[in-house]
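Shown here: query-v7.cif, mmCIF, C-alpha atoms.
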data_protein
#
loop_
_atom_site.label_atom_id
_atom_site.label_comp_id
_atom_site.auth_asym_id
_atom_site.auth_seq_id
_atom_site.Cartn_x
_atom_site.Cartn_y
_atom_site.Cartn_z
CA MET A 1230 22.51 46.74 5.76
CA SER A 1231 18.92 46.43 6.78
CA ARG A 1232 18.47 43.05 5.16
CA VAL A 1233 19.76 40.99 8.05
CA PRO A 1234 17.55 42.58 10.73
CA ASP A 1235 14.65 42.31 8.31
CA LYS A 1236 15.36 38.66 7.89
CA LEU A 1237 15.57 38.21 11.63
CA ALA A 1238 12.31 40.05 12.07
CA VAL A 1239 10.68 37.86 9.47
CA ARG A 1240 12.07 34.78 11.17
CA ALA A 1241 10.83 35.93 14.56
CA THR A 1242 7.40 36.56 13.12
CA ARG A 1243 7.46 33.12 11.54
CA LEU A 1244 8.51 31.54 14.82
CA THR A 1245 5.70 33.32 16.61
CA ARG A 1246 3.26 32.14 14.00
CA LEU A 1247 4.69 28.63 14.21
CA ALA A 1248 4.37 28.63 18.00
CA TYR A 1249 0.80 29.89 17.68
CA PHE A 1250 0.06 27.23 15.10
CA GLY A 1251 1.68 24.57 17.31
CA ALA A 1252 -0.44 25.62 20.26
CA LEU A 1253 -3.53 25.58 18.07
CA VAL A 1254 -2.71 22.09 16.83
CA ALA A 1255 -2.20 20.95 20.43
CA VAL A 1256 -5.53 22.44 21.46
CA VAL A 1257 -7.31 20.89 18.50
CA ALA A 1258 -5.61 17.57 19.23
CA VAL A 1259 -6.95 17.63 22.78
CA PHE A 1260 -10.42 19.01 22.21
CA GLY A 1261 -10.95 18.51 18.53
CA PRO A 1262 -11.57 14.82 17.88
CA ALA A 1263 -15.18 14.79 19.03
CA THR A 1264 -16.17 17.66 16.79
CA SER A 1265 -13.71 18.72 14.16
CA PHE A 1266 -12.38 15.58 12.50
CA ALA A 1267 -14.29 13.81 9.81
CA GLN A 1268 -14.29 10.10 10.49
CA SER A 1269 -12.28 9.27 7.41
CA ARG A 1270 -9.36 11.48 8.42
CA PRO A 1271 -6.76 10.53 11.01
CA PRO A 1272 -6.12 12.83 13.98
CA SER A 1273 -3.48 15.44 13.09
CA GLY A 1274 -0.90 13.85 15.40
CA LEU A 1275 -0.76 10.90 13.01
CA ASP A 1276 0.07 12.95 9.90
CA VAL A 1277 2.84 11.42 7.81
CA PRO A 1278 4.22 12.20 4.36
CA THR A 1279 3.34 10.07 1.36
CA THR A 1280 6.41 7.99 0.52
CA LYS A 1281 5.00 5.12 -1.57
CA LEU A 1282 1.94 4.27 -3.59
CA LEU A 1283 0.18 0.93 -3.53
CA ALA A 1284 -1.12 0.18 -7.03
CA ILE A 1285 -3.71 -2.58 -7.33
CA GLY A 1286 -4.23 -3.58 -10.95
CA THR A 1287 -7.42 -5.43 -11.85
CA PHE A 1288 -8.54 -6.79 -15.20
CA THR A 1289 -11.51 -4.89 -16.58
CA ALA A 1290 -14.55 -6.59 -18.12
CA LYS A 1291 -12.71 -6.27 -21.43
CA GLY A 1292 -9.66 -8.01 -19.98
CA SER A 1293 -10.39 -11.61 -20.92
CA PRO A 1294 -7.48 -14.05 -21.45
CA ASP A 1295 -7.91 -14.05 -25.22
CA GLN A 1296 -7.49 -10.28 -25.12
CA TRP A 1297 -4.49 -10.06 -22.78
CA LYS A 1298 -2.56 -13.17 -23.75
CA PRO A 1299 -1.08 -11.70 -26.95
CA LEU A 1300 -0.04 -8.55 -25.04
CA LEU A 1301 1.51 -10.32 -22.04
CA PRO A 1302 5.11 -10.49 -23.32
CA ALA A 1303 5.13 -6.73 -23.95
CA GLU A 1304 3.39 -6.09 -20.60
CA VAL A 1305 6.06 -8.08 -18.74
CA ARG A 1306 8.84 -6.19 -20.47
CA ASP A 1307 7.30 -2.78 -19.68
CA THR A 1308 6.87 -3.86 -16.06
CA VAL A 1309 10.53 -4.86 -15.80
CA ARG A 1310 11.56 -1.56 -17.42
CA LEU A 1311 9.57 0.40 -14.84
CA TYR A 1312 11.20 -1.67 -12.08
CA LEU A 1313 14.67 -0.97 -13.54
CA ALA A 1314 13.78 2.74 -13.63
CA GLY A 1315 13.27 2.52 -9.88
CA LYS A 1316 9.56 3.29 -10.07
CA ILE A 1317 8.22 -0.16 -9.16
CA ASP A 1318 9.63 -1.21 -5.81
CA GLN A 1319 7.81 -4.54 -5.40
CA TRP A 1320 5.59 -6.60 -7.67
CA TYR A 1321 3.16 -9.38 -6.95
CA LEU A 1322 0.51 -11.40 -8.74
CA LYS A 1323 -2.92 -11.56 -7.12
CA GLN A 1324 -3.57 -15.22 -6.43
CA ASP A 1325 -7.23 -14.93 -7.43
CA GLN A 1326 -5.97 -14.21 -10.97
CA SER A 1327 -7.62 -10.80 -11.01
CA GLY A 1328 -4.41 -8.85 -11.63
CA VAL A 1329 -1.29 -7.51 -9.97
CA VAL A 1330 -0.16 -5.48 -6.97
CA PHE A 1331 2.76 -3.07 -7.19
CA MET A 1332 4.44 -1.07 -4.44
CA MET A 1333 5.70 2.04 -6.19
CA ASN A 1334 8.43 4.56 -5.44
CA VAL A 1335 6.15 7.35 -6.60
CA THR A 1336 4.29 9.83 -4.42
CA ASP A 1337 1.95 11.43 -6.96
CA PRO A 1338 -1.02 9.19 -7.87
CA LYS A 1339 -1.36 11.01 -11.20
CA GLU A 1340 2.22 10.12 -12.13
CA ALA A 1341 1.65 6.48 -11.20
CA LEU A 1342 -1.54 6.25 -13.25
CA GLU A 1343 0.19 7.90 -16.17
CA LEU A 1344 3.17 5.48 -16.00
CA LEU A 1345 0.97 2.39 -15.64
CA GLY A 1346 -1.48 3.63 -18.26
CA ARG A 1347 1.28 3.41 -20.89
CA PHE A 1348 1.51 -0.36 -20.44
CA PRO A 1349 -0.08 -2.47 -23.19
CA PHE A 1350 -2.90 -3.68 -20.91
CA GLY A 1351 -3.69 -0.09 -19.93
CA GLN A 1352 -3.55 1.17 -23.51
CA ALA A 1353 -6.00 -1.56 -24.53
CA GLY A 1354 -8.30 -0.87 -21.58
CA LEU A 1355 -7.74 -4.38 -20.21
CA MET A 1356 -6.49 -3.40 -16.75
CA GLU A 1357 -7.26 -0.59 -14.34
CA PHE A 1358 -5.27 0.52 -11.30
CA GLN A 1359 -6.50 1.62 -7.90
CA ILE A 1360 -3.93 3.80 -6.13
CA ILE A 1361 -3.57 4.00 -2.34
CA PRO A 1362 -1.06 6.61 -1.10
CA LEU A 1363 1.08 5.29 1.77
CA GLY A 1364 3.45 6.72 4.34
CA PRO A 1365 5.30 5.71 7.50
CA ILE A 1366 3.14 3.93 10.08
CA GLY A 1367 2.26 7.12 11.97
CA PRO A 1368 0.80 5.53 15.12
CA LEU A 1369 4.27 4.25 15.99
CA ARG A 1370 4.72 7.79 17.30
CA VAL A 1371 2.81 6.87 20.45
CA LEU A 1372 5.82 4.78 21.51
CA LEU A 1373 7.95 7.95 21.55
CA THR A 1374 5.86 9.60 24.25
CA GLU A 1375 7.35 7.23 26.81
CA PRO A 1376 10.93 7.33 28.08
CA ALA A 1377 13.42 5.07 26.31
CA LYS A 1378 13.84 1.67 27.92
CA MET B 240 4.83 -30.10 -22.39
CA PRO B 241 5.80 -28.15 -25.49
CA ASP B 242 9.44 -27.53 -26.23
CA ASN B 243 9.72 -23.80 -25.68
CA LYS B 244 13.31 -22.69 -26.12
CA ASN B 245 12.34 -19.64 -28.10
CA PRO B 246 10.94 -16.90 -25.86
CA ARG B 247 9.16 -15.27 -28.80
CA VAL B 248 6.63 -18.07 -29.06
CA HIS B 249 5.43 -17.75 -25.47
CA ALA B 250 2.36 -15.76 -26.34
CA GLU B 251 1.07 -18.85 -28.09
CA ILE B 252 2.09 -21.46 -25.58
CA LEU B 253 1.55 -19.62 -22.33
CA PRO B 254 -1.54 -20.95 -20.64
CA ALA B 255 -4.15 -18.52 -19.39
CA LEU B 256 -3.10 -16.85 -16.19
CA ALA B 257 -5.73 -18.99 -14.46
CA ALA B 258 -3.47 -21.97 -15.02
CA VAL B 259 -0.27 -20.42 -13.72
CA VAL B 260 -0.86 -20.14 -10.01
CA GLY B 261 2.37 -19.83 -8.09
CA PRO B 262 2.63 -20.23 -4.33
CA THR B 263 0.96 -17.68 -2.05
CA THR B 264 3.87 -15.99 -0.32
CA LYS B 265 2.37 -12.80 1.15
CA ILE B 266 -1.00 -11.41 2.12
CA LEU B 267 -1.79 -7.79 1.40
CA ALA B 268 -3.93 -6.47 4.26
CA ILE B 269 -5.74 -3.17 3.72
CA GLY B 270 -7.11 -2.01 7.05
CA SER B 271 -9.84 0.63 7.16
CA VAL B 272 -11.37 2.29 10.17
CA THR B 273 -15.06 1.42 10.51
CA ALA B 274 -17.91 3.80 11.38
CA LYS B 275 -17.49 2.68 15.01
CA GLY B 276 -13.89 3.86 14.95
CA THR B 277 -14.33 7.51 15.79
CA PRO B 278 -11.12 9.29 16.82
CA GLU B 279 -12.24 9.51 20.45
CA ALA B 280 -13.13 5.81 20.47
CA ILE B 281 -9.81 4.84 18.94
CA ALA B 282 -7.56 7.07 21.04
CA PRO B 283 -7.51 4.92 24.23
CA ILE B 284 -7.02 1.72 22.20
CA LEU B 285 -4.31 3.04 19.90
CA PRO B 286 -1.34 2.48 22.27
CA HIS B 287 -2.40 -1.18 22.63
CA GLU B 288 -2.92 -1.51 18.89
CA VAL B 289 0.57 -0.16 18.21
CA ARG B 290 2.16 -2.54 20.71
CA ALA B 291 0.32 -5.56 19.31
CA THR B 292 1.34 -4.55 15.80
CA VAL B 293 5.00 -4.16 16.80
CA ARG B 294 4.87 -7.61 18.44
CA ASN B 295 3.57 -9.06 15.17
CA TYR B 296 6.40 -7.35 13.33
CA LEU B 297 8.99 -8.66 15.80
CA ALA B 298 7.53 -12.16 15.38
CA GLY B 299 8.18 -11.90 11.64
CA LYS B 300 4.48 -11.93 10.78
CA ILE B 301 3.95 -8.35 9.65
CA GLU B 302 6.71 -7.74 7.16
CA GLN B 303 5.88 -4.20 6.07
CA TRP B 304 3.58 -1.61 7.56
CA PHE B 305 2.27 1.63 6.14
CA PHE B 306 -0.24 4.30 7.04
CA GLN B 307 -2.77 5.42 4.43
CA THR B 308 -2.06 9.12 3.89
CA GLU B 309 -5.48 9.72 2.34
CA GLY B 310 -8.31 8.25 4.30
CA TYR B 311 -7.72 6.62 7.65
CA GLY B 312 -6.22 3.18 7.78
CA VAL B 313 -3.17 0.99 7.37
CA VAL B 314 -1.63 -1.32 4.80
CA PHE B 315 0.36 -4.36 5.91
CA ILE B 316 2.23 -6.93 3.89
CA VAL B 317 1.91 -10.06 6.00
CA ASN B 318 4.12 -13.15 5.87
CA ALA B 319 1.30 -15.66 5.63
CA THR B 320 0.44 -18.31 3.05
CA SER B 321 -3.33 -17.96 3.22
CA THR B 322 -5.86 -15.22 3.87
CA ALA B 323 -7.24 -17.38 6.70
CA GLU B 324 -3.85 -17.33 8.44
CA ALA B 325 -3.61 -13.55 8.07
CA HIS B 326 -7.21 -13.10 9.22
CA GLU B 327 -6.53 -15.05 12.40
CA LEU B 328 -3.54 -12.85 13.11
CA LEU B 329 -5.20 -9.51 12.39
CA GLU B 330 -8.61 -10.12 13.99
CA LYS B 331 -6.80 -10.38 17.34
CA LEU B 332 -5.51 -6.81 17.11
CA PRO B 333 -7.32 -4.59 19.65
CA LEU B 334 -9.03 -2.36 17.06
CA GLY B 335 -10.26 -5.47 15.24
CA VAL B 336 -11.60 -6.97 18.48
CA ALA B 337 -13.39 -3.67 19.17
CA GLY B 338 -14.90 -3.67 15.67
CA MET B 339 -13.17 -0.42 14.78
CA MET B 340 -10.98 -1.72 11.97
CA GLU B 341 -11.65 -4.12 9.13
CA PHE B 342 -9.14 -5.71 6.82
CA GLU B 343 -9.47 -6.52 3.16
CA LEU B 344 -7.11 -9.44 2.50
CA ILE B 345 -5.55 -10.13 -0.89
CA ALA B 346 -3.38 -13.23 -1.41
CA LEU B 347 -0.18 -12.47 -3.32
CA GLY B 348 2.45 -14.56 -5.03
CA PRO B 349 5.49 -14.15 -7.25
CA LEU B 350 4.98 -12.24 -10.50
CA ALA B 351 4.62 -15.48 -12.46
CA PRO B 352 4.67 -13.97 -15.98
CA LEU B 353 8.30 -13.02 -15.35
CA ALA B 354 9.02 -16.64 -16.21
CA MET B 355 8.55 -15.66 -19.84
CA LEU B 356 11.84 -13.82 -19.74
CA ILE B 357 13.76 -16.98 -18.88
CA GLY B 358 12.15 -19.04 -21.57
CA GLU B 359 9.79 -21.05 -19.38
CA PRO B 360 6.06 -20.87 -18.99
CA PRO B 361 5.11 -20.36 -15.33
CA ARG B 362 4.43 -23.64 -13.57
CA SER B 363 1.57 -24.44 -11.27
#
Represent the supplied structure as structure tokens.
Amino acid sequence: MSRVPDKLAVRATRLTRLAYFGALVAVVAVFGPATSFAQSRPPSGLDVPTTKLLAIGTFTAKGSPDQWKPLLPAEVRDTVRLYLAGKIDQWYLKQDQSGVVFMMNVTDPKEALELLGRFPFGQAGLMEFQIIPLGPIGPLRVLLTEPAK
Amino acid sequence: MPDNKNPRVHAEILPALAAVVGPTTKILAIGSVTAKGTPEAIAPILPHEVRATVRNYLAGKIEQWFFQTEGYGVVFIVNATSTAEAHELLEKLPLGVAGMMEFELIALGPLAPLAMLIGEPPRS
């Protein structure tokens, strides 16, 4: 019998906390930038979830053509398999011949590095990936502060 | 031109990747906020930056746009065929003009080695 009121009480407390937190965020957003945000972090109003990872693959010093050429057919097949699994969303070759660029449907950098590390080039230490977590273009939010036209 | 009907022999006949340049079809633009770009410096410019970016999207120049969720910056995939073309486009954005954002530009093309799967070495 007492569970429902308890739940309501908990919810009310949560709402109060949420409101308090919201007010705090608003205050920080107004007064904070000059003091409380490190330069490398965006203001909190621009926070967005990670939805994709950009993976930039670059040949290592070991990755000379005579090393990677024999592995290329297997590398291509593994890449296509990862695409078919829905993990690689887009794939490109870097025109300076230094490697590849993948847009991945993965949000955990560790998972991406693990998946890409299983490829023949990765196993042989011929290619390394730099991962950049991406999300929706947060600043678009500023357009919402004006009335619809 | 070797006769290459058998896909299994491609490892031997495929030229080094240096010889298989396809066309440049996109430019990857990784934009990072510079030391000048403090949050309070950026705030008044941001609405203009967003509008200029949306205009570039509507013009078909910026094909995809993302925010970096770690660090502070953006990633665009630009419909341009050279880094010079993309540079000209992006340097005109307000944050670029103000020296608050810098772009690293990487020219991209089709994943040429995929040609191996259809029994042809990639062509230049």
Given the file above and the PyMOL selection byres ((chain B) within 7 of (chain A)), which residues are selected, and can you give them as JSON, numbers by chain? {"B": [250, 255, 256, 257, 260, 263, 277, 278, 279, 286, 289, 304, 305, 306, 307, 308, 309, 310, 311, 345, 346, 347, 348, 349, 350, 351, 352, 353]}
Which residues, protein or nucleic acid, reach to within 9 Å of (7.4, -3.5, 6.0) in the file's coordinates when using only C-alpha atoms, and can you give that as a PyMOL selection string? chain B and resi 296+301-305+315-317
Target residues per the PyMOL selection byres ((chain A and resi 1288) around 8), formatted as a VMD selection string: chain A and resid 1286 to 1287 1289 to 1293 1327 to 1328 1355 to 1357
Extract, using all atoms listed in the file, all DNA, RNA and protein residues at most 12 Å from Pro333 (chain B), discarding same-chain residues fewer than 4 positions from it, and format them as a CSV table (one decimal) with C-alpha atoms, in the coordinates of the input.
chain,number,residue,atom,x,y,z
B,276,GLY,CA,-13.9,3.9,15.0
B,280,ALA,CA,-13.1,5.8,20.5
B,281,ILE,CA,-9.8,4.8,18.9
B,282,ALA,CA,-7.6,7.1,21.0
B,283,PRO,CA,-7.5,4.9,24.2
B,284,ILE,CA,-7.0,1.7,22.2
B,285,LEU,CA,-4.3,3.0,19.9
B,286,PRO,CA,-1.3,2.5,22.3
B,287,HIS,CA,-2.4,-1.2,22.6
B,288,GLU,CA,-2.9,-1.5,18.9
B,289,VAL,CA,0.6,-0.2,18.2
B,290,ARG,CA,2.2,-2.5,20.7
B,291,ALA,CA,0.3,-5.6,19.3
B,292,THR,CA,1.3,-4.6,15.8
B,328,LEU,CA,-3.5,-12.8,13.1
B,329,LEU,CA,-5.2,-9.5,12.4
B,337,ALA,CA,-13.4,-3.7,19.2
B,338,GLY,CA,-14.9,-3.7,15.7
B,339,MET,CA,-13.2,-0.4,14.8
B,340,MET,CA,-11.0,-1.7,12.0
B,341,GLU,CA,-11.6,-4.1,9.1
In Å to one decimal, how far is CA of Pro262 (chain B) from CA of Gly335 (chain B)?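 Going from CA of Gly335 (chain B) over to CA of Pro262 (chain B), I get 27.7 Å.
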Distance in Å - CA of Phe1350 (chain A) versus CA of Met1333 (chain A):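 Those two atoms sit 18.0 Å apart.
Of note, CA of Val293 (chain B) and CA of Thr1336 (chain A) are spaced 25.4 Å apart.
Distances to Leu267 (chain B) were evaluated for A:Met1332, A:Ile1360, A:Ala1314, A:Gln1352 using only C-alpha atoms, and the minimum falls at A:Met1332.
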Quick one: axis-aligned box around all listed atoms of region 321-339 of chain B, 5 Å on every side, centre and edge lengths in Å to one decimal, written as JSON.
{"center_x": -9.1, "center_y": -9.2, "center_z": 11.4, "size_x": 21.6, "size_y": 27.5, "size_z": 26.4}
